[in-house]
Amino acid sequence: MPVVNYEQYCQMLNKAYNNHYAYPAFNVSSMETASAVLAGLQEAKSDGIIQVSIGGASYASGATIKDKVLGAIALANYVQLVADSYDINVALHTDHCKASNINDYLLPLIEETERRRKNGLPNLFNSHMFDGSDISLSENLKISRDLLVRCAENDIVLEIETGVVGGEEDGVNNENVANEKLYSTPEDMIKAYETLNDVGGTYIIAATFGNVHGVYKPGNVKLRPTVLRDGQQALKEKYGSDKCFKFVFHGGSGSAKEEIHETLEYGVVKMNIDTDTQYAFTRPVADHVFKNYDGILKIEGNVGVKSTYDPRSYLKKAQAGMAKRVVEACEDLRSVGSHIEF
Ligand SMILES: [Zn+2]
């Protein structure tokens, strides 16, 4: 299927909300990781989301080039070309963008979409995240509102964040953030609604509930999913039972299944997964190298075994390993079999 359009994406998100499942959103940084996601989604008959972090985009442009806009465009183009060969729907998203990167990352990508739309082409990305967690909530929401206006004009969904996701990922380090900031309040969420609602665009909200990026040993992460329930309830009480938040769960890697399932009851429609799929990709490579050590290395004048050092030999295994973890994520999020025929 081609990458979804705006209406289809909104339909996907609505269906997930109404049926208490969420789409896994996988970070990719290469053709291999993107293909692994598509293969895994296909196997699970699940629609899903492919996303690109600033670090991943920079890498994708060429390790020596480090042009994040170019890399994001390259990855999006790759997915748009190959997605057609799979029988599932996929949406394209960009992950965390701080206020300091709006001008050199987010806006150039939106401008690229605007150029495409003028030429009758589909959007570059379906959604973008603005992460205003390191500035005051009022400043965060003011910028979010401006961005939502621009996104709405271009059929782009905006993801915003209230609170702070702990931990470290891709150079975003929040390991020393004060504890209470890791939990959004109903007041924060209501303020977000009141600031954004009349714009008329579509937004999803990463309201934090103690989540952290990366993987921690059990017991180190104190998730409080009821934070989401309380926010949802506060919105319905103040503005009517037909209103709802569609939540995004960051730092999904390493979370307990019961906690994931609980968040699905409270309106989580997207969960980001990065660390666990990184490991699933690399683990078979380690296996390959250990098992084929003699063939991969050219020792004492020997020529080695080409079939073991051809990058395809281990990258195929890496993709299969990651695809398997993608299926597992779909099971955890109850998106297996969720594919919508448009
Ligand atoms: Zn995140």
# chains A, B, ... in the order shown; residues from 1 in each chain; ligands from 1
$ residues_near_ligand --ligand "ligand 1" --cutoff "12 Å" --atoms "only C-alpha atoms and all ligand atoms" --output "ChimeraX atom specification"
/A:25-27,51-54,94-98,129-133,159-174,205-208,211-214,248-253,270-275
$ select_by_dssp --residues "stretch 174-325 of chain A" --states "helix (DSSP H, G or I)" --output "PyMOL selection string"
chain A and resi 179-182+186-199+226-239+257-265+275-291+293-296+306-309+311-325
$ write_last_selection --atoms "C-alpha atoms" --output "PDB file, in the first residue's frame"
ATOM      1  CA  ASN A 179      10.677  13.709  39.445  1.00  0.00           C
ATOM      2  CA  GLU A 180       7.388  15.606  39.326  1.00  0.00           C
ATOM      3  CA  LYS A 181       8.142  16.809  35.786  1.00  0.00           C
ATOM      4  CA  LEU A 182       7.995  13.194  34.614  1.00  0.00           C
ATOM      5  CA  PRO A 186      -4.761  17.094  34.138  1.00  0.00           C
ATOM      6  CA  GLU A 187      -4.335  20.893  34.300  1.00  0.00           C
ATOM      7  CA  ASP A 188      -1.432  20.727  31.806  1.00  0.00           C
ATOM      8  CA  MET A 189      -3.500  18.609  29.454  1.00  0.00           C
ATOM      9  CA  ILE A 190      -6.572  20.835  29.721  1.00  0.00           C
ATOM     10  CA  LYS A 191      -4.383  23.837  28.978  1.00  0.00           C
ATOM     11  CA  ALA A 192      -3.074  22.068  25.887  1.00  0.00           C
ATOM     12  CA  TYR A 193      -6.636  21.355  24.761  1.00  0.00           C
ATOM     13  CA  GLU A 194      -7.725  24.946  25.341  1.00  0.00           C
ATOM     14  CA  THR A 195      -4.753  26.302  23.414  1.00  0.00           C
ATOM     15  CA  LEU A 196      -5.024  23.970  20.440  1.00  0.00           C
ATOM     16  CA  ASN A 197      -8.650  23.005  20.086  1.00  0.00           C
ATOM     17  CA  ASP A 198      -9.929  25.905  17.990  1.00  0.00           C
ATOM     18  CA  VAL A 199      -7.156  25.592  15.385  1.00  0.00           C
ATOM     19  CA  THR A 226      -3.564   6.636  35.653  1.00  0.00           C
ATOM     20  CA  VAL A 227      -2.150  10.085  34.870  1.00  0.00           C
ATOM     21  CA  LEU A 228      -3.585   9.555  31.380  1.00  0.00           C
ATOM     22  CA  ARG A 229      -6.936   8.361  32.716  1.00  0.00           C
ATOM     23  CA  ASP A 230      -7.197  11.428  34.966  1.00  0.00           C
ATOM     24  CA  GLY A 231      -6.415  13.793  32.089  1.00  0.00           C
ATOM     25  CA  GLN A 232      -8.965  12.130  29.848  1.00  0.00           C
ATOM     26  CA  GLN A 233     -11.585  12.309  32.595  1.00  0.00           C
ATOM     27  CA  ALA A 234     -10.868  15.970  33.337  1.00  0.00           C
ATOM     28  CA  LEU A 235     -11.328  16.824  29.654  1.00  0.00           C
ATOM     29  CA  LYS A 236     -14.643  14.995  29.408  1.00  0.00           C
ATOM     30  CA  GLU A 237     -15.939  16.589  32.614  1.00  0.00           C
ATOM     31  CA  LYS A 238     -15.087  20.100  31.469  1.00  0.00           C
ATOM     32  CA  TYR A 239     -15.834  19.928  27.743  1.00  0.00           C
ATOM     33  CA  LYS A 257       2.819  -5.705  29.174  1.00  0.00           C
ATOM     34  CA  GLU A 258       0.239  -4.989  31.911  1.00  0.00           C
ATOM     35  CA  GLU A 259       1.280  -1.343  31.979  1.00  0.00           C
ATOM     36  CA  ILE A 260       1.118  -1.100  28.205  1.00  0.00           C
ATOM     37  CA  HIS A 261      -2.352  -2.659  28.204  1.00  0.00           C
ATOM     38  CA  GLU A 262      -3.551  -0.306  30.900  1.00  0.00           C
ATOM     39  CA  THR A 263      -2.526   2.726  28.825  1.00  0.00           C
ATOM     40  CA  LEU A 264      -4.533   1.392  25.884  1.00  0.00           C
ATOM     41  CA  GLU A 265      -7.664   1.714  28.016  1.00  0.00           C
ATOM     42  CA  THR A 275      15.818   0.595  22.023  1.00  0.00           C
ATOM     43  CA  ASP A 276      14.254  -2.879  21.839  1.00  0.00           C
ATOM     44  CA  THR A 277      14.292  -2.954  18.039  1.00  0.00           C
ATOM     45  CA  GLN A 278      17.887  -1.697  18.008  1.00  0.00           C
ATOM     46  CA  TYR A 279      18.858  -4.681  20.126  1.00  0.00           C
ATOM     47  CA  ALA A 280      16.764  -7.062  18.027  1.00  0.00           C
ATOM     48  CA  PHE A 281      18.578  -5.836  14.907  1.00  0.00           C
ATOM     49  CA  THR A 282      22.073  -6.123  16.335  1.00  0.00           C
ATOM     50  CA  ARG A 283      21.728  -9.402  18.258  1.00  0.00           C
ATOM     51  CA  PRO A 284      21.781 -11.670  15.157  1.00  0.00           C
ATOM     52  CA  VAL A 285      24.782  -9.731  13.829  1.00  0.00           C
ATOM     53  CA  ALA A 286      26.714 -10.576  16.975  1.00  0.00           C
ATOM     54  CA  ASP A 287      25.714 -14.204  16.530  1.00  0.00           C
ATOM     55  CA  HIS A 288      26.794 -14.186  12.891  1.00  0.00           C
ATOM     56  CA  VAL A 289      30.180 -12.666  13.666  1.00  0.00           C
ATOM     57  CA  PHE A 290      30.931 -15.043  16.520  1.00  0.00           C
ATOM     58  CA  LYS A 291      29.930 -18.103  14.519  1.00  0.00           C
ATOM     59  CA  TYR A 293      34.774 -15.454  12.859  1.00  0.00           C
ATOM     60  CA  ASP A 294      37.202 -17.566  10.798  1.00  0.00           C
ATOM     61  CA  GLY A 295      35.508 -16.751   7.517  1.00  0.00           C
ATOM     62  CA  ILE A 296      34.968 -13.059   8.128  1.00  0.00           C
ATOM     63  CA  LYS A 306      33.139 -14.038   1.048  1.00  0.00           C
ATOM     64  CA  SER A 307      29.636 -15.301   1.822  1.00  0.00           C
ATOM     65  CA  THR A 308      30.182 -14.522   5.512  1.00  0.00           C
ATOM     66  CA  TYR A 309      31.472 -10.984   5.120  1.00  0.00           C
ATOM     67  CA  PRO A 311      27.098  -7.268   4.373  1.00  0.00           C
ATOM     68  CA  ARG A 312      23.904  -8.835   3.075  1.00  0.00           C
ATOM     69  CA  SER A 313      24.704 -12.085   4.868  1.00  0.00           C
ATOM     70  CA  TYR A 314      24.342 -10.533   8.320  1.00  0.00           C
ATOM     71  CA  LEU A 315      22.031  -7.636   7.480  1.00  0.00           C
ATOM     72  CA  LYS A 316      19.387 -10.096   6.301  1.00  0.00           C
ATOM     73  CA  LYS A 317      19.587 -11.795   9.683  1.00  0.00           C
ATOM     74  CA  ALA A 318      19.472  -8.416  11.401  1.00  0.00           C
ATOM     75  CA  GLN A 319      16.314  -7.494   9.502  1.00  0.00           C
ATOM     76  CA  ALA A 320      14.674 -10.805  10.340  1.00  0.00           C
ATOM     77  CA  GLY A 321      15.545 -10.311  14.024  1.00  0.00           C
ATOM     78  CA  MET A 322      14.106  -6.806  14.070  1.00  0.00           C
ATOM     79  CA  ALA A 323      10.994  -7.840  12.112  1.00  0.00           C
ATOM     80  CA  LYS A 324      10.288 -10.452  14.770  1.00  0.00           C
ATOM     81  CA  ARG A 325      10.457  -7.793  17.485  1.00  0.00           C
TER      82      ARG A 325
END
$ atom_distance --atom1 "atom CA of A:Tyr6" --atom2 "atom CA of A:Asn77"
17.1 Å
$ select_by_dssp --residues "stretch 189-339 of chain A" --states "strand (DSSP E)" --output "ChimeraX atom specification"
/A:203-207,212-213,247-249,268-273
$ atom_distance --atom1 "atom CA of A:Ala34" --atom2 "atom CA of A:Ser100"
27.1 Å
$ closest_residue --among "A:Leu75, A:Leu223, A:Met31, A:Val149" --to "A:His93" --atoms "only C-alpha atoms"
A:Leu75
$ atom_distance --atom1 "atom CA of A:Val157" --atom2 "atom CA of A:Gly120"
19.1 Å
$ residues_around --residues "A:Ser338" --least-positions-apart "6" --cutoff "10 Å" --atoms "only C-alpha atoms" --output "list in words"
Met12, Lys15, Ala16, Asn19, Tyr21, Ala22, Tyr23, Ala44, Lys45, Ser46, Asp47, Gly48, Ile88, Asn89 and Cys330 of chain A
$ write_last_selection --atoms "C-alpha atoms" --output "short mmCIF file (atom, residue, chain, number, x, y, z; two decimals), in the first residue's frame"
data_model
loop_
_atom_site.label_atom_id
_atom_site.label_comp_id
_atom_site.auth_asym_id
_atom_site.auth_seq_id
_atom_site.Cartn_x
_atom_site.Cartn_y
_atom_site.Cartn_z
CA MET A 12 -6.27 4.80 11.64
CA LYS A 15 -10.00 3.23 14.95
CA ALA A 16 -7.20 2.60 17.41
CA ASN A 19 -10.92 -0.17 19.80
CA TYR A 21 -5.20 -0.61 20.58
CA ALA A 22 -2.19 1.47 19.59
CA TYR A 23 0.10 1.68 16.60
CA ALA A 44 1.43 -9.07 11.91
CA LYS A 45 -1.13 -7.74 9.40
CA SER A 46 -0.88 -4.54 11.38
CA ASP A 47 -0.78 -0.97 10.17
CA GLY A 48 1.90 1.12 11.83
CA ILE A 88 -0.27 -2.90 5.20
CA ASN A 89 -0.64 0.84 5.77
CA CYS A 330 2.13 -5.33 17.51
#
$ closest_residue --among "A:Phe125, A:Tyr9, A:Tyr203, A:Tyr78" --to "A:Leu147" --atoms "only C-alpha atoms"
A:Tyr203
$ closest_residue --among "A:Ser144, A:Arg224, A:Asn5, A:Ile135" --to "A:Arg117" --atoms "only C-alpha atoms"
A:Asn5
$ closest_residue --among "A:Leu124, A:Ala57, A:Val303, A:Ala83" --to "A:Tyr105" --atoms "only C-alpha atoms"
A:Ala57
$ closest_residue --among "A:Lys298, A:Gly200, A:Ala329, A:Ile49" --to "A:Ala256" --atoms "only C-alpha atoms"
A:Ala329
$ residues_around --residues "A:Gln8" --least-positions-apart "2" --cutoff "12 Å" --atoms "only C-alpha atoms" --output "list of chain:residue names"
A:Met1, A:Pro2, A:Val3, A:Val4, A:Asn5, A:Tyr6, A:Cys10, A:Gln11, A:Met12, A:Leu13, A:Asn14, A:Lys15, A:Asp47, A:Asn89, A:Val90, A:Ala91, A:Asn126, A:Asp155, A:Ile156, A:Val157, A:His339, A:Ile340, A:Glu341, A:Phe342
$ residues_around --residues "A:Gly56" --least-positions-apart "6" --cutoff "8 Å" --atoms "only C-alpha atoms" --output "ChimeraX atom specification"
/A:27-30,68,71
$ closest_residue --among "A:Val82, A:Tyr17, A:Ile65, A:Leu297" --to "A:Ala36" --atoms "only C-alpha atoms"
A:Val82
$ decode --residues "stretch 55-97 of chain A" --atoms "N, CA and C atoms" --output "CSV table (one decimal), in the first residue's frame"
chain,number,residue,atom,x,y,z
A,55,GLY,N,18.8,12.4,15.1
A,55,GLY,CA,20.0,11.7,15.0
A,55,GLY,C,20.0,10.6,13.9
A,56,GLY,N,18.8,9.9,13.8
A,56,GLY,CA,18.7,8.9,12.7
A,56,GLY,C,18.7,9.5,11.4
A,57,ALA,N,18.0,10.7,11.2
A,57,ALA,CA,18.0,11.4,10.0
A,57,ALA,C,19.4,11.9,9.5
A,58,SER,N,20.1,12.4,10.5
A,58,SER,CA,21.5,12.9,10.2
A,58,SER,C,22.3,11.7,9.7
A,59,TYR,N,22.2,10.6,10.4
A,59,TYR,CA,23.0,9.4,10.0
A,59,TYR,C,22.6,8.9,8.6
A,60,ALA,N,21.3,9.0,8.3
A,60,ALA,CA,20.8,8.4,7.0
A,60,ALA,C,21.3,9.3,5.8
A,61,SER,N,21.7,10.5,6.1
A,61,SER,CA,22.2,11.3,5.0
A,61,SER,C,23.6,10.9,4.6
A,62,GLY,N,24.2,10.0,5.4
A,62,GLY,CA,25.6,9.7,5.2
A,62,GLY,C,26.4,10.0,6.4
A,63,ALA,N,27.1,9.0,7.0
A,63,ALA,CA,27.8,9.2,8.3
A,63,ALA,C,28.7,10.4,8.3
A,64,THR,N,29.2,10.8,7.1
A,64,THR,CA,30.2,11.9,7.0
A,64,THR,C,29.4,13.2,6.6
A,65,ILE,N,28.2,13.1,6.1
A,65,ILE,CA,27.5,14.3,5.6
A,65,ILE,C,26.7,14.9,6.7
A,66,LYS,N,26.0,14.1,7.5
A,66,LYS,CA,25.3,14.6,8.7
A,66,LYS,C,24.3,15.7,8.4
A,67,ASP,N,23.5,15.6,7.4
A,67,ASP,CA,22.5,16.6,7.1
A,67,ASP,C,21.1,16.0,7.4
A,68,LYS,N,20.6,16.5,8.6
A,68,LYS,CA,19.4,15.8,9.1
A,68,LYS,C,18.2,16.0,8.2
A,69,VAL,N,18.1,17.2,7.5
A,69,VAL,CA,16.9,17.4,6.6
A,69,VAL,C,17.0,16.4,5.4
A,70,LEU,N,18.2,16.4,4.9
A,70,LEU,CA,18.5,15.5,3.7
A,70,LEU,C,18.2,14.1,4.0
A,71,GLY,N,18.7,13.7,5.2
A,71,GLY,CA,18.5,12.3,5.6
A,71,GLY,C,17.1,11.9,5.9
A,72,ALA,N,16.3,12.9,6.5
A,72,ALA,CA,14.9,12.6,6.7
A,72,ALA,C,14.1,12.5,5.4
A,73,ILE,N,14.5,13.3,4.4
A,73,ILE,CA,13.9,13.3,3.1
A,73,ILE,C,14.2,12.0,2.4
A,74,ALA,N,15.5,11.5,2.5
A,74,ALA,CA,15.9,10.3,1.9
A,74,ALA,C,15.2,9.1,2.5
A,75,LEU,N,15.0,9.0,3.8
A,75,LEU,CA,14.3,7.9,4.4
A,75,LEU,C,12.9,7.9,4.0
A,76,ALA,N,12.3,9.1,4.1
A,76,ALA,CA,10.8,9.2,3.7
A,76,ALA,C,10.6,8.8,2.3
A,77,ASN,N,11.5,9.2,1.4
A,77,ASN,CA,11.4,8.8,0.0
A,77,ASN,C,11.5,7.3,-0.2
A,78,TYR,N,12.5,6.7,0.5
A,78,TYR,CA,12.7,5.3,0.5
A,78,TYR,C,11.4,4.5,0.9
A,79,VAL,N,10.9,4.9,2.0
A,79,VAL,CA,9.7,4.3,2.5
A,79,VAL,C,8.5,4.4,1.6
A,80,GLN,N,8.3,5.7,1.0
A,80,GLN,CA,7.2,5.9,0.1
A,80,GLN,C,7.4,5.0,-1.2
A,81,LEU,N,8.6,4.8,-1.6
A,81,LEU,CA,8.8,3.9,-2.8
A,81,LEU,C,8.5,2.4,-2.5
A,82,VAL,N,9.0,2.0,-1.4
A,82,VAL,CA,8.9,0.5,-1.1
A,82,VAL,C,7.6,0.1,-0.4
A,83,ALA,N,7.0,1.0,0.3
A,83,ALA,CA,5.8,0.7,1.1
A,83,ALA,C,4.7,0.0,0.2
A,84,ASP,N,4.7,0.5,-1.0
A,84,ASP,CA,3.7,0.0,-2.0
A,84,ASP,C,3.8,-1.6,-2.2
A,85,SER,N,4.9,-2.1,-1.9
A,85,SER,CA,5.1,-3.6,-2.1
A,85,SER,C,4.6,-4.4,-0.9
A,86,TYR,N,4.1,-3.7,0.1
A,86,TYR,CA,3.6,-4.5,1.3
A,86,TYR,C,2.1,-4.2,1.4
A,87,ASP,N,1.4,-5.2,2.1
A,87,ASP,CA,-0.1,-5.1,2.2
A,87,ASP,C,-0.6,-4.5,3.5
A,88,ILE,N,0.2,-3.6,4.0
A,88,ILE,CA,-0.3,-2.9,5.2
A,88,ILE,C,-0.1,-1.4,5.0
A,89,ASN,N,-0.8,-0.6,5.9
A,89,ASN,CA,-0.6,0.8,5.8
A,89,ASN,C,0.4,1.3,6.7
A,90,VAL,N,1.2,2.3,6.3
A,90,VAL,CA,2.2,2.9,7.1
A,90,VAL,C,2.1,4.4,7.0
A,91,ALA,N,2.3,5.1,8.2
A,91,ALA,CA,2.4,6.5,8.2
A,91,ALA,C,3.8,6.9,8.5
A,92,LEU,N,4.3,8.1,8.0
A,92,LEU,CA,5.6,8.6,8.3
A,92,LEU,C,5.6,9.7,9.3
A,93,HIS,N,6.5,9.7,10.2
A,93,HIS,CA,6.5,10.6,11.3
A,93,HIS,C,7.9,11.0,11.7
A,94,THR,N,8.1,12.3,12.1
A,94,THR,CA,9.4,12.6,12.7
A,94,THR,C,9.3,12.8,14.2
A,95,ASP,N,10.3,12.2,14.9
A,95,ASP,CA,10.3,12.1,16.4
A,95,ASP,C,10.8,13.4,16.9
A,96,HIS,N,11.0,13.5,18.3
A,96,HIS,CA,11.4,14.7,19.0
A,96,HIS,C,12.1,15.8,18.2
A,97,CYS,N,11.5,16.9,18.2
A,97,CYS,CA,12.2,18.1,17.7
A,97,CYS,C,12.1,19.2,18.8
